[in-house]
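File shown here: coords.tsv, holding TSV, C-alpha atoms.
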```
chain	number	residue	atom	x	y	z
A	60	GLU	CA	13.26	-5.46	15.52
A	61	ALA	CA	9.76	-5.73	14.06
A	62	GLN	CA	10.03	-6.02	10.32
A	63	VAL	CA	8.91	-7.46	7.02
A	64	THR	CA	11.69	-8.90	4.88
A	65	GLN	CA	11.66	-9.72	1.19
A	66	ASN	CA	14.14	-11.56	-0.98
A	67	PRO	CA	15.57	-10.95	-3.43
A	68	ARG	CA	15.58	-7.17	-3.54
A	69	TYR	CA	16.41	-7.09	-7.23
A	70	LEU	CA	15.86	-9.75	-9.87
A	71	ILE	CA	16.33	-9.85	-13.62
A	72	THR	CA	14.97	-12.93	-15.32
A	73	VAL	CA	13.73	-14.17	-18.68
A	74	THR	CA	10.25	-14.95	-19.89
A	75	GLY	CA	8.95	-18.31	-18.71
A	76	LYS	CA	11.51	-19.02	-16.00
A	77	LYS	CA	9.70	-19.77	-12.76
A	78	LEU	CA	10.62	-17.62	-9.79
A	79	THR	CA	9.67	-17.14	-6.16
A	80	VAL	CA	9.91	-13.99	-4.09
A	81	THR	CA	9.95	-14.71	-0.39
A	82	CYS	CA	8.30	-12.62	2.31
A	83	SER	CA	8.61	-13.07	6.04
A	84	GLN	CA	7.33	-11.10	9.04
A	85	ASN	CA	8.30	-11.44	12.70
A	86	MET	CA	5.30	-9.65	14.23
A	87	ASN	CA	2.91	-12.61	14.40
A	88	HIS	CA	0.51	-10.79	12.09
A	89	GLU	CA	-2.58	-12.53	10.76
A	90	TYR	CA	-2.99	-10.59	7.52
A	91	MET	CA	-0.38	-10.56	4.77
A	92	SER	CA	-0.55	-9.33	1.23
A	93	TRP	CA	1.36	-8.70	-1.97
A	94	TYR	CA	1.23	-5.54	-4.05
A	95	ARG	CA	2.72	-4.44	-7.29
A	96	GLN	CA	3.53	-0.82	-7.92
A	97	ASP	CA	3.61	0.65	-11.39
A	98	PRO	CA	4.00	4.32	-12.43
A	99	GLY	CA	0.69	6.14	-12.45
A	100	LEU	CA	-1.20	3.14	-11.06
A	101	GLY	CA	-0.17	3.25	-7.43
A	102	LEU	CA	-0.20	0.06	-5.40
A	103	ARG	CA	-2.44	-2.75	-6.57
A	104	GLN	CA	-3.11	-5.76	-4.40
A	105	ILE	CA	-2.24	-9.10	-6.00
A	106	TYR	CA	-3.19	-11.60	-3.29
A	107	TYR	CA	-3.89	-11.45	0.38
A	108	SER	CA	-4.13	-13.92	3.22
A	109	MET	CA	-6.16	-13.51	6.37
A	110	ASN	CA	-4.65	-16.55	8.08
A	111	VAL	CA	-2.68	-19.76	7.54
A	112	GLU	CA	-4.01	-21.74	4.58
A	113	VAL	CA	-6.43	-18.90	3.70
A	114	THR	CA	-5.55	-16.91	0.59
A	115	ASP	CA	-7.71	-14.73	-1.65
A	116	LYS	CA	-7.35	-12.81	-4.86
A	117	GLY	CA	-6.80	-9.09	-4.85
A	118	ASP	CA	-7.28	-6.81	-7.82
A	119	VAL	CA	-4.58	-8.21	-10.15
A	120	PRO	CA	-4.01	-11.93	-9.40
A	121	GLU	CA	-3.51	-13.23	-12.96
A	122	GLY	CA	-0.10	-14.84	-13.46
A	123	TYR	CA	0.67	-15.12	-9.75
A	124	LYS	CA	0.35	-17.75	-7.06
A	125	VAL	CA	0.81	-17.56	-3.31
A	126	SER	CA	0.83	-19.91	-0.36
A	127	ARG	CA	0.49	-19.47	3.38
A	128	LYS	CA	1.69	-22.61	5.09
A	129	GLU	CA	3.05	-20.77	8.11
A	130	LYS	CA	1.92	-17.55	9.70
A	131	ARG	CA	5.20	-15.74	9.17
A	132	ASN	CA	5.82	-16.55	5.48
A	133	PHE	CA	3.90	-15.58	2.37
A	134	PRO	CA	5.87	-16.32	-0.82
A	135	LEU	CA	4.85	-14.95	-4.21
A	136	ILE	CA	5.30	-17.36	-7.12
A	137	LEU	CA	5.45	-16.51	-10.79
A	138	GLU	CA	5.15	-19.82	-12.63
A	139	SER	CA	5.84	-18.39	-16.09
A	140	PRO	CA	6.85	-14.74	-15.85
A	141	SER	CA	6.12	-12.39	-18.72
A	142	PRO	CA	7.45	-8.89	-19.47
A	143	ASN	CA	4.21	-7.26	-18.28
A	144	GLN	CA	5.06	-8.53	-14.80
A	145	THR	CA	8.08	-6.26	-14.69
A	146	SER	CA	7.30	-4.13	-11.65
A	147	LEU	CA	8.15	-3.19	-8.09
A	148	TYR	CA	6.65	-5.68	-5.65
A	149	PHE	CA	5.88	-5.09	-1.98
A	150	CYS	CA	4.90	-7.55	0.67
A	151	ALA	CA	2.96	-6.22	3.66
A	152	SER	CA	1.53	-7.52	6.91
A	153	ASN	CA	-0.90	-6.18	9.45
A	154	PRO	CA	-2.14	-7.44	12.81
A	155	TRP	CA	-5.81	-7.57	11.75
A	156	THR	CA	-7.14	-6.42	15.10
A	157	GLY	CA	-10.25	-4.79	13.65
A	158	THR	CA	-9.34	-1.40	15.12
A	159	LEU	CA	-6.01	-0.07	13.92
A	160	ASP	CA	-4.80	-2.27	11.09
A	161	THR	CA	-1.61	-0.60	10.01
A	162	GLN	CA	0.07	-2.19	7.03
A	163	TYR	CA	3.80	-2.75	7.49
A	164	PHE	CA	5.62	-2.95	4.20
A	165	GLY	CA	8.75	-4.80	3.22
A	166	PRO	CA	11.55	-2.98	1.38
A	167	GLY	CA	10.36	-4.06	-2.06
A	168	THR	CA	11.58	-6.33	-4.84
A	169	ARG	CA	12.31	-4.83	-8.22
A	170	LEU	CA	11.63	-7.46	-10.88
A	171	THR	CA	12.57	-7.20	-14.53
A	172	VAL	CA	11.35	-9.85	-16.96
A	173	LEU	CA	13.12	-9.81	-20.32
B	373	GLY	CA	-15.45	-2.97	-7.18
B	374	GLN	CA	-14.41	-0.07	-5.09
B	375	GLN	CA	-12.46	2.71	-6.79
B	376	VAL	CA	-10.25	5.08	-4.88
B	377	MET	CA	-9.14	8.22	-6.68
B	378	GLN	CA	-6.71	10.93	-5.72
B	379	ILE	CA	-6.02	14.40	-7.05
B	380	PRO	CA	-3.76	15.91	-8.03
B	381	GLN	CA	-1.45	13.30	-9.49
B	382	TYR	CA	1.54	15.62	-9.12
B	383	GLN	CA	2.14	18.78	-7.16
B	384	HIS	CA	5.20	21.02	-7.23
B	385	VAL	CA	5.44	23.63	-4.48
B	386	GLN	CA	7.99	26.09	-3.24
B	387	GLU	CA	9.30	25.34	0.22
B	388	GLY	CA	7.06	27.08	2.74
B	389	GLU	CA	3.91	26.81	0.62
B	390	ASP	CA	0.96	24.68	1.67
B	391	PHE	CA	-0.09	21.45	-0.03
B	392	THR	CA	-3.34	19.49	-0.14
B	393	THR	CA	-4.19	16.13	-1.68
B	394	TYR	CA	-7.73	14.82	-2.00
B	395	CYS	CA	-8.96	11.25	-1.90
B	396	ASN	CA	-12.36	10.04	-3.11
B	397	SER	CA	-13.91	6.60	-2.91
B	398	SER	CA	-16.77	5.26	-5.02
B	399	THR	CA	-18.14	3.51	-1.92
B	400	THR	CA	-18.40	4.30	1.77
B	401	LEU	CA	-15.29	3.44	3.72
B	402	SER	CA	-15.24	1.95	7.20
B	403	ASN	CA	-11.98	3.76	7.73
B	404	ILE	CA	-9.26	5.39	5.67
B	405	GLN	CA	-5.52	5.24	6.02
B	406	TRP	CA	-2.80	7.52	4.69
B	407	TYR	CA	0.71	6.42	3.75
B	408	LYS	CA	3.83	8.24	2.64
B	409	GLN	CA	6.42	6.77	0.31
B	410	ARG	CA	9.76	8.50	-0.05
B	411	PRO	CA	11.56	8.16	-3.39
B	412	GLY	CA	13.14	4.71	-3.53
B	413	GLY	CA	11.42	3.63	-0.32
B	414	HIS	CA	8.41	1.68	0.79
B	415	PRO	CA	5.04	3.02	1.96
B	416	VAL	CA	4.97	4.04	5.60
B	417	PHE	CA	1.77	4.38	7.60
B	418	LEU	CA	0.87	7.91	8.67
B	419	ILE	CA	-2.59	7.78	10.17
B	420	GLN	CA	-5.99	6.11	10.24
B	421	LEU	CA	-9.33	7.95	10.34
B	422	VAL	CA	-12.46	6.13	11.43
B	423	LYS	CA	-15.23	8.53	12.36
B	424	SER	CA	-17.38	10.60	10.04
B	425	GLY	CA	-16.06	14.18	9.97
B	426	GLU	CA	-12.94	13.25	11.92
B	427	VAL	CA	-9.97	15.61	11.86
B	428	LYS	CA	-6.54	14.62	13.10
B	429	LYS	CA	-3.31	16.55	13.20
B	430	GLN	CA	0.31	15.48	13.21
B	431	LYS	CA	2.50	18.57	13.54
B	432	ARG	CA	2.15	20.29	10.14
B	433	LEU	CA	-0.11	17.57	8.68
B	434	THR	CA	-3.90	17.75	8.97
B	435	PHE	CA	-6.10	14.83	7.94
B	436	GLN	CA	-9.85	14.97	7.41
B	437	PHE	CA	-12.46	12.29	6.84
B	438	GLY	CA	-15.61	13.42	5.09
B	439	GLU	CA	-19.04	13.37	6.68
B	440	ALA	CA	-20.23	10.72	4.23
B	441	LYS	CA	-17.04	8.67	4.76
B	442	LYS	CA	-16.35	8.66	1.03
B	443	ASN	CA	-13.65	11.30	0.85
B	444	SER	CA	-10.62	12.45	2.74
B	445	SER	CA	-7.89	15.04	2.52
B	446	LEU	CA	-4.34	15.57	3.69
B	447	HIS	CA	-3.10	19.11	4.14
B	448	ILE	CA	0.52	20.04	4.82
B	449	THR	CA	1.22	23.52	6.15
B	450	ALA	CA	4.48	25.25	5.24
B	451	THR	CA	6.04	22.37	3.31
B	452	GLN	CA	9.65	21.38	3.86
B	453	THR	CA	12.01	19.42	1.64
B	454	THR	CA	11.55	16.45	3.97
B	455	ASP	CA	7.91	16.27	2.87
B	456	VAL	CA	8.93	15.12	-0.61
B	457	GLY	CA	7.36	11.82	-1.59
B	458	THR	CA	4.14	10.21	-2.74
B	459	TYR	CA	1.11	10.28	-0.49
B	460	PHE	CA	-1.43	7.48	-0.76
B	461	CYS	CA	-4.84	7.05	0.75
B	462	ALA	CA	-6.20	3.54	1.18
B	463	GLY	CA	-9.21	1.66	2.45
B	464	TYR	CA	-10.64	-1.82	2.83
B	465	GLN	CA	-13.03	-3.31	0.35
B	466	TRP	CA	-15.18	-6.24	1.39
B	467	ASP	CA	-15.66	-9.00	-1.16
B	468	ASN	CA	-17.11	-12.51	-0.90
B	469	TYR	CA	-14.06	-13.87	0.88
B	470	GLY	CA	-12.67	-11.14	3.05
B	471	GLN	CA	-11.17	-7.73	2.87
B	472	ASN	CA	-8.79	-6.61	0.23
B	473	PHE	CA	-6.99	-3.36	0.66
B	474	VAL	CA	-7.35	-0.72	-2.07
B	475	PHE	CA	-4.92	2.15	-2.55
B	476	GLY	CA	-5.45	5.35	-4.42
B	477	PRO	CA	-2.96	6.12	-7.21
B	478	GLY	CA	-1.11	8.61	-5.01
B	479	THR	CA	-0.09	12.25	-5.19
B	480	ARG	CA	3.59	12.90	-5.81
B	481	LEU	CA	4.82	15.98	-4.00
B	482	SER	CA	7.94	17.87	-5.03
B	483	VAL	CA	9.22	20.68	-2.82
B	484	LEU	CA	11.59	23.20	-4.36
B	485	PRO	CA	14.04	24.75	-1.89
```
Can I see the file as structure tokens?
Amino acid sequence: EAQVTQNPRYLITVTGKKLTVTCSQNMNHEYMSWYRQDPGLGLRQIYYSMNVEVTDKGDVPEGYKVSRKEKRNFPLILESPSPNQTSLYFCASNPWTGTLDTQYFGPGTRLTVL
Amino acid sequence: GQQVMQIPQYQHVQEGEDFTTYCNSSTTLSNIQWYKQRPGGHPVFLIQLVKSGEVKKQKRLTFQFGEAKKNSSLHITATQTTDVGTYFCAGYQWDNYGQNFVFGPGTRLSVLP
């Protein structure tokens, strides 16, 4: 089954404790990205990657890191989480064909930073 | 950078009434996509519009792309309770490195039975 998976689905942590949210897709998609969703603000792109070893900042990259060592995985790293990073996070991938580039979203990770 | 706006932010309708959400971009879009997110779920792709003035229909949903490719609309005829959710428009923004994807803030639709 074609899908995007994220882990964990829920996470409660404390300020300053490094964490990683994993994202994996099995569709051989070129383009992957991370979004955060906050009430009233919709989905804002954090980072995106157009291919292996190619990552770029989205609209809200501060406080986040990503890596793309393999095509299928795109982990999101919070080196020193702060309460303002409490949010719902979505990973997404798309085939980047240049014609119909549908974004396929993972189920989401709800992060709370105390 | 590119700004994508949507109105209204919220809409409450009685089942059977029509619903429309409007999307406006500060810059011309190469294409526009629409997504639906059910409560507690993740965004799901609905449709992509590419051509100026394009109109596409999916059963009770009608999507339009403006002539100037800076605005779009989604119209639902005779809403049903299954239409409940938040509807987002989205488009690509080119920057110095590639394309980042920009979403509008969404319109949350409630349908009263």
Residues of chain B within 10 Å of chain A, counting all atoms listed in the file - could you list those as a PDB file with C-alpha atoms, keeping the file's coordinate frame?
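result.pdb was written with the following content:
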```pdb
ATOM      1  CA  GLY B 373     -15.450  -2.970  -7.180  1.00  0.00           C
ATOM      2  CA  GLN B 381      -1.450  13.300  -9.490  1.00  0.00           C
ATOM      3  CA  ASN B 403     -11.980   3.760   7.730  1.00  0.00           C
ATOM      4  CA  GLN B 405      -5.520   5.240   6.020  1.00  0.00           C
ATOM      5  CA  TRP B 406      -2.800   7.520   4.690  1.00  0.00           C
ATOM      6  CA  TYR B 407       0.710   6.420   3.750  1.00  0.00           C
ATOM      7  CA  GLY B 412      13.140   4.710  -3.530  1.00  0.00           C
ATOM      8  CA  GLY B 413      11.420   3.630  -0.320  1.00  0.00           C
ATOM      9  CA  HIS B 414       8.410   1.680   0.790  1.00  0.00           C
ATOM     10  CA  PRO B 415       5.040   3.020   1.960  1.00  0.00           C
ATOM     11  CA  VAL B 416       4.970   4.040   5.600  1.00  0.00           C
ATOM     12  CA  PHE B 417       1.770   4.380   7.600  1.00  0.00           C
ATOM     13  CA  LEU B 418       0.870   7.910   8.670  1.00  0.00           C
ATOM     14  CA  ILE B 419      -2.590   7.780  10.170  1.00  0.00           C
ATOM     15  CA  GLN B 420      -5.990   6.110  10.240  1.00  0.00           C
ATOM     16  CA  LEU B 421      -9.330   7.950  10.340  1.00  0.00           C
ATOM     17  CA  VAL B 422     -12.460   6.130  11.430  1.00  0.00           C
ATOM     18  CA  THR B 458       4.140  10.210  -2.740  1.00  0.00           C
ATOM     19  CA  TYR B 459       1.110  10.280  -0.490  1.00  0.00           C
ATOM     20  CA  PHE B 460      -1.430   7.480  -0.760  1.00  0.00           C
ATOM     21  CA  ALA B 462      -6.200   3.540   1.180  1.00  0.00           C
ATOM     22  CA  GLN B 465     -13.030  -3.310   0.350  1.00  0.00           C
ATOM     23  CA  ASP B 467     -15.660  -9.000  -1.160  1.00  0.00           C
ATOM     24  CA  ASN B 468     -17.110 -12.510  -0.900  1.00  0.00           C
ATOM     25  CA  TYR B 469     -14.060 -13.870   0.880  1.00  0.00           C
ATOM     26  CA  GLY B 470     -12.670 -11.140   3.050  1.00  0.00           C
ATOM     27  CA  GLN B 471     -11.170  -7.730   2.870  1.00  0.00           C
ATOM     28  CA  ASN B 472      -8.790  -6.610   0.230  1.00  0.00           C
ATOM     29  CA  PHE B 473      -6.990  -3.360   0.660  1.00  0.00           C
ATOM     30  CA  VAL B 474      -7.350  -0.720  -2.070  1.00  0.00           C
ATOM     31  CA  PHE B 475      -4.920   2.150  -2.550  1.00  0.00           C
ATOM     32  CA  GLY B 476      -5.450   5.350  -4.420  1.00  0.00           C
ATOM     33  CA  PRO B 477      -2.960   6.120  -7.210  1.00  0.00           C
ATOM     34  CA  GLY B 478      -1.110   8.610  -5.010  1.00  0.00           C
ATOM     35  CA  THR B 479      -0.090  12.250  -5.190  1.00  0.00           C
ATOM     36  CA  ARG B 480       3.590  12.900  -5.810  1.00  0.00           C
TER      37      ARG B 480
END
```
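For the choices A:Val80, A:Ser139, A:Thr156, A:Gln144, the atom-to-atom distance to A:Trp93 is smallest for A:Val80 when using all atoms listed in the file.
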Exercise: stretch 128-131 of chain A partners within 9 Å, all atoms listed in the file, chain neighbours under 3 positions left out, as a PyMOL selection string: chain A and resi 82-91+110-112
All residues 7 Å or closer to A:Pro142, all atoms listed in the file, same chain fewer than 3 positions away omitted, as a PyMOL selection string: chain A and resi 74+145+172-173
Produce a file of the selected residues containing C-alpha atoms, as a PDB file, in the frame of the given file.
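Output contents, as saved in out_19.pdb:
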```pdb
ATOM      1  CA  THR A  74      10.250 -14.950 -19.890  1.00  0.00           C
ATOM      2  CA  THR A 145       8.080  -6.260 -14.690  1.00  0.00           C
ATOM      3  CA  VAL A 172      11.350  -9.850 -16.960  1.00  0.00           C
ATOM      4  CA  LEU A 173      13.120  -9.810 -20.320  1.00  0.00           C
TER       5      LEU A 173
END
```
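Nearest residue to B:Thr454, choosing from B:Ser402, B:Gly425, B:Ala440, B:Gly388 and counting only C-alpha atoms: B:Gly388.
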Pairwise distance for atom CA of A:Gly122 and atom CA of B:Cys461, rounded to one decimal in Å: 26.5 Å
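Here atom CA of A:Thr64 is placed at a distance of 18.7 Å from atom CA of A:Lys124.
Across the structure, atom CA of B:Pro380 and atom CA of B:Asn396 are spaced 11.5 Å apart.
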For B:Lys431: contacts at 12 Å, all atoms listed in the file, fewer than 6 positions along chain excluded, given as a PyMOL selection string: chain B and resi 418+447-451
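Among the candidates B:Gln383, B:Asn443, B:Thr393, B:Ser424, the residue lying nearest to B:Gly463 is B:Asn443 (atoms considered: only C-alpha atoms).
Around the coordinate (10.5, 22.3, -0.3), residues that reach within 12 Å when counting only C-alpha atoms are Gln383, His384, Val385, Gln386, Glu387, Gly388, Glu389, Asp390, Phe391, Ile448, Thr449, Ala450, Thr451, Gln452, Thr453, Thr454, Asp455, Val456, Gly457, Leu481, Ser482, Val483, Leu484 and Pro485 of chain B.
Across B:Gln430, B:Gln375, B:Gln436, B:Ser445, the tightest approach to B:Thr392 is made by B:Ser445 when counting all atoms listed in the file.
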Around all listed atoms of stretch 129-147 of chain A, padded 6 Å per side, what centre and edge lengths does the axis-aligned box have in Å to one decimal, as JSON?
```
{"center_x": 5.0, "center_y": -12.0, "center_z": -4.9, "size_x": 18.2, "size_y": 29.6, "size_z": 41.2}
```
Residue among A:Leu137, A:Leu147, A:Leu170, A:Val119 lying closest to A:Lys76, counting all atoms listed in the file: A:Leu137
Residues near A:Pro134, anyone? I mean within 8 Å using all atoms listed in the file, not counting same-chain ones fewer than 4 positions away, as a short mmCIF file (atom, residue, chain, number, x, y, z; two decimals) with C-alpha atoms, in the coordinates of the input.
```cif
data_model
loop_
_atom_site.label_atom_id
_atom_site.label_comp_id
_atom_site.auth_asym_id
_atom_site.auth_seq_id
_atom_site.Cartn_x
_atom_site.Cartn_y
_atom_site.Cartn_z
CA THR A 79 9.67 -17.14 -6.16
CA VAL A 80 9.91 -13.99 -4.09
CA THR A 81 9.95 -14.71 -0.39
CA CYS A 82 8.30 -12.62 2.31
CA VAL A 125 0.81 -17.56 -3.31
CA SER A 126 0.83 -19.91 -0.36
CA ARG A 127 0.49 -19.47 3.38
#
```
